[in-house]
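Have a look at target32.cif; it's mmCIF, C-alpha atoms and all ligand atoms:
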```
data_final
#
loop_
_atom_site.label_atom_id
_atom_site.label_comp_id
_atom_site.auth_asym_id
_atom_site.auth_seq_id
_atom_site.Cartn_x
_atom_site.Cartn_y
_atom_site.Cartn_z
CA MET T 51 30.10 -103.05 124.51
CA PRO T 52 27.85 -104.25 121.70
CA GLY T 53 25.30 -101.38 121.68
CA THR T 54 26.36 -97.72 121.61
CA CYS T 55 23.80 -94.94 121.12
CA VAL T 56 24.12 -91.31 120.05
CA ILE T 57 21.23 -89.08 121.12
CA GLY T 58 20.63 -85.37 120.54
CA LEU T 59 19.75 -83.60 123.81
CA GLN T 60 18.31 -80.37 122.41
CA TRP T 61 15.98 -79.61 119.47
CA GLY T 62 17.99 -81.45 116.85
CA ASP T 63 20.95 -80.35 114.74
CA GLU T 64 23.44 -80.98 117.56
CA ALA T 65 26.05 -82.20 115.05
CA LYS T 66 25.40 -85.83 115.99
CA GLY T 67 26.63 -86.80 112.51
CA LYS T 68 30.20 -85.95 113.45
CA ILE T 69 30.12 -88.12 116.59
CA VAL T 70 28.45 -90.94 114.68
CA ASP T 71 31.10 -90.66 111.98
CA LEU T 72 33.90 -90.83 114.57
CA LEU T 73 32.36 -93.88 116.25
CA THR T 74 31.46 -95.72 113.07
CA GLU T 75 34.93 -97.12 112.52
CA ARG T 76 34.62 -99.00 115.81
CA HIS T 77 31.29 -100.60 114.85
CA ASP T 78 30.04 -103.26 112.45
CA VAL T 79 26.50 -101.94 112.07
CA VAL T 80 24.96 -98.46 112.17
CA VAL T 81 21.22 -98.15 112.79
CA ARG T 82 18.64 -95.42 112.06
CA TYR T 83 15.56 -96.24 114.12
CA GLN T 84 13.10 -93.26 114.05
CA GLY T 85 12.15 -90.22 112.02
CA GLY T 86 12.42 -90.03 108.27
CA ALA T 87 13.62 -87.69 105.58
CA ASN T 88 13.10 -84.77 107.99
CA ALA T 89 16.58 -85.41 109.39
CA GLY T 90 19.72 -84.44 107.56
CA HIS T 91 23.39 -84.62 108.20
CA THR T 92 26.44 -83.43 106.41
CA VAL T 93 29.55 -85.58 106.47
CA VAL T 94 32.89 -84.36 105.19
CA THR T 95 35.28 -87.17 104.36
CA GLY T 96 38.28 -87.37 102.06
CA GLY T 97 37.66 -83.76 101.03
CA GLU T 98 34.16 -84.63 99.78
CA THR T 99 30.93 -83.37 101.31
CA TYR T 100 27.96 -85.74 101.49
CA LYS T 101 24.48 -84.69 102.54
CA LEU T 102 22.52 -87.65 103.82
CA SER T 103 19.01 -87.87 105.13
CA LEU T 104 17.65 -91.41 105.55
CA ILE T 105 20.78 -93.45 105.01
CA PRO T 106 23.25 -93.58 107.92
CA SER T 107 26.63 -92.02 107.18
CA GLY T 108 28.21 -95.45 107.81
CA ILE T 109 27.41 -96.12 104.15
CA LEU T 110 30.58 -94.20 103.31
CA ARG T 111 32.72 -96.85 104.97
CA GLU T 112 33.43 -100.25 103.59
CA LYS T 113 32.48 -103.18 105.82
CA VAL T 114 29.91 -101.20 107.79
CA ARG T 115 26.33 -102.36 107.41
CA CYS T 116 23.63 -99.68 107.56
CA VAL T 117 20.24 -100.66 108.89
CA VAL T 118 17.04 -98.61 108.66
CA THR T 119 14.54 -100.16 111.07
CA GLY T 120 10.77 -100.35 111.34
CA GLY T 121 10.59 -97.22 113.52
CA VAL T 122 11.54 -95.07 110.52
CA VAL T 123 9.03 -93.70 108.01
CA LEU T 124 10.48 -94.26 104.56
CA ASN T 125 9.96 -92.11 101.54
CA PRO T 126 10.98 -94.51 98.75
CA LYS T 127 11.48 -91.72 96.25
CA SER T 128 13.88 -89.70 98.39
CA LEU T 129 15.62 -92.86 99.61
CA LEU T 130 16.31 -93.98 96.04
CA ALA T 131 17.47 -90.48 95.09
CA GLU T 132 19.95 -90.70 97.98
CA VAL T 133 21.11 -94.14 96.80
CA ASP T 134 21.53 -92.85 93.22
CA GLY T 135 23.49 -89.83 94.44
CA LEU T 136 25.87 -92.07 96.38
CA VAL T 137 26.32 -94.57 93.55
CA ALA T 138 27.02 -91.73 91.09
CA ARG T 139 29.91 -90.69 93.34
CA GLY T 140 31.36 -94.18 93.48
CA VAL T 141 29.93 -95.28 96.85
CA ALA T 142 28.89 -98.94 96.82
CA VAL T 143 25.29 -99.46 97.94
CA GLY T 144 24.26 -103.12 98.00
CA GLU T 145 24.15 -105.60 100.84
CA ASN T 146 25.53 -102.88 103.10
CA LEU T 147 22.06 -101.24 103.19
CA MET T 148 19.20 -103.08 104.92
CA LEU T 149 15.67 -101.72 105.12
CA SER T 150 13.08 -103.10 107.50
CA ASP T 151 10.02 -104.68 105.91
CA ARG T 152 8.16 -103.19 108.89
CA ALA T 153 9.01 -99.58 107.99
CA HIS T 154 5.97 -97.48 107.10
CA LEU T 155 5.96 -95.82 103.71
CA MET T 156 5.36 -92.25 102.70
CA PHE T 157 2.86 -91.69 99.88
CA PRO T 158 1.95 -88.53 97.94
CA TRP T 159 -1.19 -88.10 100.06
CA HIS T 160 0.93 -87.60 103.18
CA LEU T 161 2.72 -84.64 101.65
CA GLU T 162 -0.52 -83.15 100.39
CA GLU T 163 -2.22 -83.61 103.78
CA GLU T 164 0.61 -81.82 105.53
CA ARG T 165 0.60 -78.97 103.01
CA LEU T 166 -3.14 -78.38 103.39
CA GLU T 167 -3.09 -78.66 107.18
CA ALA T 168 -0.16 -76.27 107.56
CA GLY T 169 -1.91 -73.72 105.33
CA ALA T 170 -5.01 -73.79 107.55
CA LEU T 171 -3.17 -72.98 110.80
CA ALA T 172 -3.29 -69.52 112.30
CA ASP T 173 -0.08 -67.59 112.91
CA GLY T 174 1.63 -68.77 116.09
CA GLU T 175 0.00 -72.24 115.92
CA ALA T 176 2.31 -73.53 113.21
CA ILE T 177 4.69 -76.30 114.27
CA GLY T 178 6.87 -75.27 111.35
CA THR T 179 7.40 -78.85 110.16
CA THR T 180 9.90 -79.86 107.49
CA MET T 181 6.95 -80.59 105.13
CA ARG T 182 8.26 -84.08 104.44
CA GLY T 183 4.93 -85.75 105.34
CA ILE T 184 6.31 -87.09 108.62
CA GLY T 185 3.30 -86.34 110.86
CA PRO T 186 0.64 -87.70 108.43
CA CYS T 187 2.65 -90.88 107.83
CA TYR T 188 3.10 -91.60 111.56
CA ARG T 189 -0.60 -90.76 112.07
CA ASP T 190 -1.52 -93.46 109.55
CA LYS T 191 0.86 -95.90 111.22
CA VAL T 192 -0.90 -95.46 114.56
CA GLY T 193 -4.34 -95.43 112.88
CA ARG T 194 -3.42 -98.65 111.01
CA SER T 195 -6.27 -98.71 108.46
CA HIS T 196 -4.51 -96.42 105.94
CA ALA T 197 -0.96 -97.57 106.50
CA ILE T 198 1.27 -99.37 104.00
CA ARG T 199 4.56 -100.88 105.15
CA LEU T 200 7.54 -101.69 103.01
CA GLY T 201 6.75 -105.41 103.19
CA ASP T 202 3.23 -104.72 101.86
CA LEU T 203 4.68 -103.66 98.48
CA TYR T 204 5.22 -107.35 97.74
CA ARG T 205 1.67 -108.49 98.57
CA GLY T 206 -0.78 -109.50 95.87
CA ASP T 207 -3.46 -107.06 97.11
CA LEU T 208 -1.34 -103.91 96.82
CA ARG T 209 -3.35 -102.44 93.90
CA GLN T 210 -6.64 -102.91 95.77
CA ARG T 211 -5.22 -101.49 98.96
CA ILE T 212 -3.90 -98.35 97.26
CA LYS T 213 -7.24 -97.91 95.46
CA LYS T 214 -9.20 -98.04 98.71
CA ILE T 215 -6.84 -95.77 100.62
CA ALA T 216 -6.65 -93.27 97.74
CA ALA T 217 -10.46 -93.01 97.62
CA ASP T 218 -10.58 -92.15 101.34
CA LYS T 219 -7.61 -89.79 101.04
CA ASN T 220 -9.20 -87.91 98.14
CA ARG T 221 -12.29 -87.28 100.31
CA LEU T 222 -10.06 -86.14 103.16
CA LEU T 223 -7.93 -83.88 100.95
CA SER T 224 -11.02 -82.30 99.39
CA ALA T 225 -12.44 -81.57 102.86
CA LEU T 226 -9.13 -80.13 104.09
CA ALA T 227 -8.74 -77.99 100.98
CA GLY T 228 -12.24 -76.44 101.19
CA SER T 229 -12.30 -73.91 98.41
CA ALA T 230 -8.53 -74.13 97.84
CA ASP T 231 -6.86 -76.29 95.20
CA PHE T 232 -5.53 -79.70 96.01
CA GLN T 233 -3.69 -82.39 94.12
CA PRO T 234 -6.10 -85.37 93.81
CA ILE T 235 -4.51 -88.80 94.10
CA ASP T 236 -4.53 -91.05 91.03
CA PRO T 237 -4.41 -94.60 92.46
CA ALA T 238 -3.21 -96.17 89.20
CA ALA T 239 -0.25 -93.78 89.02
CA VAL T 240 0.57 -94.34 92.70
CA HIS T 241 0.44 -98.11 92.20
CA GLU T 242 2.69 -97.97 89.17
CA GLU T 243 5.23 -95.82 90.96
CA ALA T 244 5.10 -98.08 94.05
CA THR T 245 5.77 -101.25 92.03
CA GLY T 246 8.77 -99.54 90.44
CA TYR T 247 10.11 -98.68 93.91
CA ALA T 248 9.36 -102.21 95.13
CA GLU T 249 11.55 -103.74 92.48
CA ARG T 250 14.47 -101.43 93.14
CA LEU T 251 14.27 -101.70 96.91
CA LYS T 252 13.84 -105.48 97.02
CA PRO T 253 17.51 -106.42 97.46
CA HIS T 254 17.63 -104.29 100.61
CA VAL T 255 14.40 -105.41 102.29
CA ALA T 256 14.83 -107.62 105.36
CA ASP T 257 13.60 -108.45 108.83
CA THR T 258 16.00 -106.05 110.51
CA THR T 259 14.75 -106.88 114.01
CA ALA T 260 15.88 -110.49 113.64
CA TYR T 261 19.15 -109.34 112.07
CA LEU T 262 19.94 -106.90 114.90
CA LEU T 263 19.05 -109.41 117.61
CA ASP T 264 21.25 -112.04 115.95
CA THR T 265 24.09 -109.53 115.65
CA LEU T 266 23.86 -108.37 119.26
CA GLU T 267 23.54 -111.90 120.62
CA ALA T 268 26.75 -112.71 118.72
CA GLU T 269 28.45 -109.65 120.33
CA GLY T 270 28.51 -107.66 117.09
CA ARG T 271 29.15 -103.97 117.63
CA VAL T 272 26.08 -101.87 116.82
CA LEU T 273 25.80 -98.10 116.79
CA PHE T 274 22.33 -96.55 117.14
CA GLU T 275 22.04 -93.12 115.58
CA GLY T 276 19.20 -90.93 116.88
CA ALA T 277 17.58 -88.41 114.55
CA GLN T 278 16.36 -84.97 115.74
CA GLY T 279 16.75 -84.23 119.46
CA ALA T 280 15.13 -85.29 122.72
CA LEU T 281 13.17 -82.03 123.12
CA LEU T 282 11.35 -82.94 119.88
CA ASP T 283 10.23 -86.33 121.29
CA ILE T 284 6.52 -86.90 120.62
CA ASP T 285 5.84 -88.05 124.19
CA HIS T 286 8.47 -86.25 126.25
CA GLY T 287 9.35 -83.14 124.24
CA THR T 288 7.82 -79.69 123.94
CA PHE T 289 4.47 -80.97 122.67
CA PRO T 290 2.86 -80.04 120.30
CA TYR T 291 6.01 -78.41 118.85
CA VAL T 292 7.71 -81.74 118.37
CA THR T 293 8.26 -84.35 115.69
CA SER T 294 6.11 -87.49 115.46
CA SER T 295 8.56 -90.09 116.77
CA ASN T 296 10.37 -90.84 120.02
CA SER T 297 13.55 -88.91 119.35
CA SER T 298 14.91 -89.13 122.92
CA GLY T 299 16.79 -92.14 124.25
CA VAL T 300 13.53 -93.83 125.22
CA GLY T 301 12.79 -94.42 121.52
CA ILE T 302 15.75 -96.67 120.75
CA SER T 303 14.26 -99.97 121.88
CA SER T 304 10.85 -99.53 120.29
CA GLY T 305 12.20 -98.03 117.08
CA ALA T 306 14.90 -100.64 116.54
CA GLY T 307 13.27 -103.68 118.16
CA VAL T 308 16.22 -104.11 120.49
CA PRO T 309 15.82 -104.51 124.27
CA ALA T 310 17.46 -101.94 126.51
CA ARG T 311 19.80 -104.58 127.97
CA TYR T 312 21.88 -104.38 124.78
CA LEU T 313 22.27 -100.60 124.92
CA ASN T 314 25.47 -100.41 126.89
CA LYS T 315 26.59 -96.90 126.29
CA LEU T 316 24.59 -93.75 125.55
CA ILE T 317 26.30 -90.54 124.47
CA GLY T 318 24.24 -87.37 124.69
CA VAL T 319 25.18 -84.73 122.13
CA ALA T 320 24.57 -81.04 122.82
CA LYS T 321 25.77 -77.82 121.26
CA ALA T 322 27.62 -75.38 123.50
CA TYR T 323 24.59 -73.10 122.93
CA SER T 324 21.02 -73.81 121.75
CA THR T 325 19.21 -73.77 118.43
CA ARG T 326 15.72 -74.58 117.31
CA VAL T 327 14.03 -74.73 113.89
CA GLY T 328 10.31 -74.22 113.46
CA GLY T 329 7.76 -72.97 116.00
CA GLY T 330 7.41 -73.35 119.76
CA PRO T 331 8.77 -71.74 122.92
CA PHE T 332 12.52 -71.40 123.33
CA PRO T 333 13.25 -69.72 126.69
CA THR T 334 16.91 -68.85 126.04
CA GLU T 335 16.39 -67.59 122.48
CA GLN T 336 18.40 -64.51 121.54
CA ASP T 337 16.39 -62.81 118.82
CA ASN T 338 19.01 -60.06 118.68
CA PRO T 339 22.59 -59.43 117.45
CA THR T 340 23.94 -62.16 119.80
CA GLY T 341 21.62 -64.70 118.18
CA GLN T 342 22.69 -63.51 114.74
CA HIS T 343 26.35 -63.83 115.78
CA LEU T 344 25.76 -67.47 116.80
CA ARG T 345 23.89 -68.10 113.53
CA ASP T 346 26.71 -66.64 111.45
CA ARG T 347 29.56 -68.29 113.33
CA GLY T 348 27.78 -71.64 113.61
CA ASN T 349 26.35 -71.58 110.07
CA GLU T 350 22.99 -72.26 111.65
CA TYR T 351 20.86 -72.96 108.59
CA GLY T 352 18.93 -76.24 108.19
CA THR T 353 20.61 -79.11 106.30
CA VAL T 354 17.31 -80.27 104.81
CA THR T 355 15.32 -77.05 104.50
CA ARG T 356 18.05 -74.32 104.69
CA ARG T 357 15.79 -72.46 107.13
CA PRO T 358 17.70 -70.10 109.45
CA ARG T 359 17.81 -71.67 112.90
CA ARG T 360 16.72 -69.75 115.99
CA CYS T 361 19.74 -69.37 118.30
CA GLY T 362 20.22 -68.80 122.03
CA TRP T 363 22.18 -69.61 125.18
CA PHE T 364 22.77 -73.10 126.54
CA ASP T 365 19.74 -74.21 128.52
CA ALA T 366 20.90 -76.47 131.35
CA VAL T 367 17.35 -76.96 132.65
CA ALA T 368 16.39 -78.54 129.33
CA VAL T 369 19.58 -80.57 128.84
CA HIS T 370 19.61 -81.82 132.44
CA TYR T 371 16.09 -83.13 131.78
CA THR T 372 16.87 -84.76 128.42
CA ALA T 373 20.12 -86.29 129.67
CA ARG T 374 18.20 -88.00 132.50
CA LEU T 375 15.28 -88.96 130.27
CA SER T 376 17.60 -90.48 127.69
CA GLY T 377 19.77 -92.19 130.29
CA VAL T 378 22.98 -90.85 128.79
CA ASP T 379 26.28 -91.80 130.36
CA THR T 380 28.44 -89.01 128.95
CA LEU T 381 28.18 -85.78 126.99
CA ALA T 382 29.66 -84.59 123.72
CA VAL T 383 29.73 -80.77 123.61
CA MET T 384 29.74 -79.54 120.03
CA LEU T 385 30.61 -76.26 118.29
CA LEU T 386 32.41 -74.81 121.31
CA ASP T 387 34.47 -72.66 118.90
CA VAL T 388 31.31 -70.74 117.90
CA LEU T 389 31.41 -68.97 121.29
CA SER T 390 35.06 -67.94 121.01
CA GLU T 391 34.56 -64.24 120.24
CA LEU T 392 32.03 -63.52 122.97
CA PRO T 393 33.27 -61.53 125.99
CA GLU T 394 30.57 -63.06 128.23
CA ILE T 395 28.58 -66.28 127.97
CA HIS T 396 25.28 -67.00 129.68
CA VAL T 397 24.00 -70.37 130.80
CA CYS T 398 20.41 -70.88 131.89
CA THR T 399 20.39 -72.56 135.31
CA ALA T 400 16.68 -72.26 136.21
CA TYR T 401 13.40 -70.78 135.00
CA GLU T 402 11.13 -68.34 136.71
CA ILE T 403 7.52 -69.24 136.08
CA ASP T 404 4.77 -67.23 137.78
CA GLY T 405 7.24 -65.93 140.34
CA ARG T 406 8.46 -69.45 141.19
CA ARG T 407 11.98 -70.67 140.54
CA VAL T 408 11.86 -73.98 138.66
CA THR T 409 14.63 -76.40 137.75
CA ASN T 410 12.43 -79.25 136.46
CA PHE T 411 11.70 -78.88 132.74
CA PRO T 412 7.95 -78.05 132.45
CA SER T 413 5.60 -80.64 130.98
CA GLN T 414 3.09 -78.03 129.84
CA ILE T 415 3.77 -75.77 126.89
CA GLY T 416 1.97 -72.86 128.62
CA ASP T 417 4.49 -72.97 131.47
CA LEU T 418 7.42 -73.13 129.07
CA ARG T 419 6.01 -70.12 127.21
CA GLN T 420 6.05 -68.11 130.41
CA ALA T 421 9.45 -69.34 131.57
CA ARG T 422 11.98 -66.55 132.14
CA PRO T 423 15.54 -67.90 132.12
CA VAL T 424 17.75 -67.35 135.16
CA TYR T 425 21.33 -67.02 133.91
CA GLU T 426 24.76 -67.63 135.29
CA THR T 427 27.26 -65.43 133.47
CA LEU T 428 30.74 -66.68 132.70
CA PRO T 429 33.68 -64.86 131.15
CA GLY T 430 34.45 -65.74 127.54
CA TRP T 431 37.90 -66.87 126.38
CA GLU T 432 38.06 -64.50 123.39
CA CYS T 433 40.62 -66.46 121.39
CA ASP T 434 40.62 -69.00 118.59
CA ILE T 435 40.36 -72.60 119.82
CA THR T 436 39.96 -74.36 116.47
CA GLU T 437 43.57 -75.59 116.56
CA VAL T 438 43.40 -76.97 120.11
CA ARG T 439 43.62 -80.78 120.26
CA ARG T 440 44.18 -81.52 123.94
CA TRP T 441 41.85 -80.90 126.85
CA ASN T 442 44.43 -79.14 128.99
CA ASP T 443 45.36 -76.82 126.12
CA LEU T 444 41.91 -75.25 126.12
CA PRO T 445 41.88 -71.72 127.58
CA GLU T 446 41.05 -71.54 131.27
CA ASN T 447 37.70 -69.83 130.69
CA ALA T 448 36.68 -72.49 128.15
CA LEU T 449 37.46 -75.18 130.75
CA ARG T 450 35.48 -73.23 133.30
CA TYR T 451 32.55 -73.10 130.92
CA LEU T 452 32.73 -76.86 130.28
CA ASP T 453 32.90 -77.57 134.02
CA CYS T 454 29.81 -75.43 134.50
CA LEU T 455 27.89 -77.43 131.84
CA ARG T 456 29.07 -80.73 133.36
CA ASP T 457 27.94 -79.74 136.84
CA LEU T 458 24.57 -78.38 135.73
CA VAL T 459 23.75 -81.31 133.44
CA GLY T 460 25.17 -83.85 135.86
CA ARG T 461 27.09 -85.93 133.32
CA PRO T 462 30.82 -86.05 132.50
CA ILE T 463 31.94 -84.53 129.21
CA GLU T 464 33.72 -87.09 127.08
CA VAL T 465 34.14 -85.18 123.83
CA VAL T 466 34.43 -81.52 122.83
CA SER T 467 34.27 -80.40 119.21
CA VAL T 468 36.08 -77.25 118.10
CA GLY T 469 35.41 -77.37 114.34
CA PRO T 470 33.76 -79.45 111.62
CA ASP T 471 36.75 -81.65 110.73
CA ARG T 472 37.30 -85.03 112.29
CA ASP T 473 40.56 -83.99 113.86
CA GLN T 474 39.00 -80.92 115.47
CA THR T 475 37.85 -83.12 118.31
CA ILE T 476 39.11 -83.22 121.88
CA PHE T 477 38.67 -86.27 124.08
CA ALA T 478 38.62 -85.83 127.86
P1 LIG Z 501 8.45 -82.73 111.28
O1 LIG Z 501 9.41 -83.72 111.88
O2 LIG Z 501 8.75 -82.42 109.84
O3 LIG Z 501 7.03 -83.13 111.50
O4 LIG Z 501 8.65 -81.32 112.05
C1 LIG Z 501 8.28 -81.18 113.42
C2 LIG Z 501 9.25 -80.27 114.15
O5 LIG Z 501 10.50 -80.92 114.26
C3 LIG Z 501 9.55 -78.94 113.43
O6 LIG Z 501 9.76 -77.92 114.38
C4 LIG Z 501 10.83 -79.23 112.69
O7 LIG Z 501 11.58 -78.06 112.43
C5 LIG Z 501 11.52 -80.12 113.71
N1 LIG Z 501 12.49 -81.02 113.09
C6 LIG Z 501 12.26 -82.15 112.38
N2 LIG Z 501 13.40 -82.72 111.99
C7 LIG Z 501 14.40 -81.95 112.46
C8 LIG Z 501 15.83 -82.05 112.41
O8 LIG Z 501 16.43 -82.97 111.86
N3 LIG Z 501 16.49 -81.02 113.04
C9 LIG Z 501 15.87 -80.02 113.70
N4 LIG Z 501 14.56 -79.90 113.77
C10 LIG Z 501 13.82 -80.86 113.16
#
```

Output the structure of this file as structure tokens.
Amino acid sequence: MPGTCVIGLQWGDEAKGKIVDLLTERHDVVVRYQGGANAGHTVVTGGETYKLSLIPSGILREKVRCVVTGGVVLNPKSLLAEVDGLVARGVAVGENLMLSDRAHLMFPWHLEEERLEAGALADGEAIGTTMRGIGPCYRDKVGRSHAIRLGDLYRGDLRQRIKKIAADKNRLLSALAGSADFQPIDPAAVHEEATGYAERLKPHVADTTAYLLDTLEAEGRVLFEGAQGALLDIDHGTFPYVTSSNSSGVGISSGAGVPARYLNKLIGVAKAYSTRVGGGPFPTEQDNPTGQHLRDRGNEYGTVTRRPRRCGWFDAVAVHYTARLSGVDTLAVMLLDVLSELPEIHVCTAYEIDGRRVTNFPSQIGDLRQARPVYETLPGWECDITEVRRWNDLPENALRYLDCLRDLVGRPIEVVSVGPDRDQTIFA
């Protein structure tokens, strides 16, 4: 089983980090292949809490190599801050971190573009991005003419390239700002900063595609860690309220440069309920005391931005879709303990759109906006399950709930999480 993949099946924040952490000890290499510093995960190990964003949590384990591939957009400043934070706490960061020379880089203009664009949107149109420059950086990647990749930092024409791009970006920023203030780009300062980053990053820069193919051909065990969730996929998610990369299972091959034939096992991770950060329709949202209860019990506040997450019932229409789209073999159901106090639990089994009952997840945002959830109601278990360690020791109503999710999503449940600690995990 050389290639194992962990994919979020909702709108991100499914606690993938815990599953990745559990699987890491059985792998030689952990790979981040899309997204950027918009993702965040918290790992608790040896009584210490680490908050990581770009660097896979495998960095906390000796002998595991962490690879950030060309599908990721890299912010050198935040990456180096993460490295410094780890080193200051005694974590070795050297050959165990590889960065693709194909990865596109974030520059100050990306952050400024995003800030000005977000300010110009009317209420209700806002995507509610993480403001980490993700969209503008991916836009430049696809546009090509204003893109700079990590490998380009070591080219002789870097100063010229930054000068030309900065001139165009200053015109763009001025037009976006209109009468508002904007931060003009000083190409000399950007170049100086970039050469400083280039020097520090150099020991980590590599052709990660070749490395991963070599590793997989030699039967090395590689774990692919998805960022965000499948409903935020740029092509297959709830467009335009999505992120700018392929965050569903379909993005693994393109982001990592690894053919699908090496991806032997895909685990889809879903919370036992739903959350979403930022804008966009969310049919099962509970903007009421039930939602607040889920937020409080689940500590549903963003790792990167601390924004309160929107909370609601499990949406089986959505997760059935993303499990199929991502080709997942099994499910990990996270944060089941958060539901423990509720006397009744609802699961969305279908939508009603324009008087029609629909079980296929809509491709058009207008349809999703109109979707009224059809719920199945199950009895709660109303007892603490955080100490349960064996499947058959779960209360009957919790097992009934899990069976319901399994049947609606159409995938077996392999793992259930009943708390943040590693040992609060139940294997089927
Ligand atoms: P962006 O990725 O910063 O462009 O944000 C686009 C959308 O994706 C926004 O709704 C964000 O809240 C959401 N998003 C981005 N990264 C994450 C994540 O790691 N967890 C949850 N939502 C995210």

* Counting all atoms listed in the file, note down every residue that has an atom within 12 Å of the point (30.8, -86.5, 100.0) (file coordinates), as a list in words. =>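 Result, sorted by chain then residue number: His91, Thr92, Val93, Val94, Thr95, Gly96, Gly97, Glu98, Thr99, Tyr100, Lys101, Leu102, Ser107, Ile109, Leu110, Arg111, Glu132, Gly135, Leu136, Val137, Ala138, Arg139, Gly140 and Val141 of chain T.
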
Counting only C-alpha atoms and all ligand atoms, which residues in chain T sit no more than 6 Å from ligand LIG 501 (chain Z)? For each one, give the nearest pair of atoms and the distance in Å, sorted by chain then residue number, as CSV.
```
residue,atom,partner,partner_atom,distance
T:Trp61,CA,Z:LIG501,C9,5.8
T:Gly62,CA,Z:LIG501,C9,4.1
T:Asp63,CA,Z:LIG501,N3,4.8
T:Asn88,CA,Z:LIG501,N2,4.5
T:Ala89,CA,Z:LIG501,O8,3.5
T:Gly90,CA,Z:LIG501,O8,5.6
T:Ile177,CA,Z:LIG501,O6,5.3
T:Gly178,CA,Z:LIG501,O6,5.0
T:Thr179,CA,Z:LIG501,O4,3.4
T:Thr180,CA,Z:LIG501,O2,3.7
T:Met181,CA,Z:LIG501,O2,5.4
T:Arg182,CA,Z:LIG501,O2,5.7
T:Ile184,CA,Z:LIG501,O3,4.9
T:Gly185,CA,Z:LIG501,O3,5.0
T:Gln278,CA,Z:LIG501,O8,4.4
T:Tyr291,CA,Z:LIG501,O6,5.9
T:Val292,CA,Z:LIG501,C2,4.7
T:Thr293,CA,Z:LIG501,C1,3.9
T:Ser294,CA,Z:LIG501,O3,6.0
T:Val327,CA,Z:LIG501,O7,4.4
T:Gly328,CA,Z:LIG501,O6,3.9
T:Gly329,CA,Z:LIG501,O6,5.6
```

* Asked: Which residue, T:Asn125, T:Thr355, T:Ser295, T:Pro393, has the smallest gap to Thr340 (chain T) when you use only C-alpha atoms?
  ->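 Using only C-alpha atoms, Thr340 (chain T) sits closest to T:Pro393.
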
So which residues touch region 187-196 of chain T within 9 Å, counting all atoms listed in the file, skipping near sequence neighbours fewer than 3 positions away, as a PDB file with C-alpha atoms, in the frame of the given file?
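So around-v4.pdb came out as:
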```pdb
ATOM      1  CA  VAL T 123       9.030 -93.700 108.010  1.00  0.00           C
ATOM      2  CA  HIS T 154       5.970 -97.480 107.100  1.00  0.00           C
ATOM      3  CA  LEU T 155       5.960 -95.820 103.710  1.00  0.00           C
ATOM      4  CA  MET T 156       5.360 -92.250 102.700  1.00  0.00           C
ATOM      5  CA  PHE T 157       2.860 -91.690  99.880  1.00  0.00           C
ATOM      6  CA  HIS T 160       0.930 -87.600 103.180  1.00  0.00           C
ATOM      7  CA  LEU T 161       2.720 -84.640 101.650  1.00  0.00           C
ATOM      8  CA  GLY T 183       4.930 -85.750 105.340  1.00  0.00           C
ATOM      9  CA  ILE T 184       6.310 -87.090 108.620  1.00  0.00           C
ATOM     10  CA  ARG T 199       4.560-100.880 105.150  1.00  0.00           C
ATOM     11  CA  ARG T 211      -5.220-101.490  98.960  1.00  0.00           C
ATOM     12  CA  ILE T 212      -3.900 -98.350  97.260  1.00  0.00           C
ATOM     13  CA  LYS T 214      -9.200 -98.040  98.710  1.00  0.00           C
ATOM     14  CA  ILE T 215      -6.840 -95.770 100.620  1.00  0.00           C
ATOM     15  CA  ASP T 218     -10.580 -92.150 101.340  1.00  0.00           C
ATOM     16  CA  LYS T 219      -7.610 -89.790 101.040  1.00  0.00           C
ATOM     17  CA  SER T 294       6.110 -87.490 115.460  1.00  0.00           C
ATOM     18  CA  SER T 295       8.560 -90.090 116.770  1.00  0.00           C
TER      19      SER T 295
END
```

* Asked: Can you tell me how far CA of Glu426 (chain T) sits from CA of Trp363 (chain T), in Å to one decimal?
  ->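 That distance, rounded to one decimal, is 10.6 Å.
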
* **Which residue of T:Glu145, T:Glu432, T:Asp231, T:Asp134 approaches Gly169 (chain T) most closely, using only C-alpha atoms** =>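 That would be T:Asp231, the residue with the smallest distance to Gly169 (chain T).
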
* Looking at T:Gly460, T:Arg250, T:Ala366, T:Arg221, which one is nearest to Ala131 (chain T), with distances taken over all atoms listed in the file? -> T:Arg250

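One distance worth recording is that between CA of Pro339 (chain T) and CA of Leu392 (chain T), which is 11.7 Å.
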
* **Residue with smallest distance to Asn296 (chain T) - pool T:Ala170, T:Leu104, T:Val122, T:Phe477, counting only C-alpha atoms** => T:Val122

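Counting all atoms listed in the file, the residue from T:Leu72, T:Val354, T:Cys55, T:Leu266 that sits nearest to Ser128 (chain T) is T:Val354.
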
* **CA of Ile435 (chain T) to CA of Ser390 (chain T), distance in Å rounded to a single decimal** =>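 CA of Ser390 (chain T) lies at a distance of 7.2 Å from CA of Ile435 (chain T).
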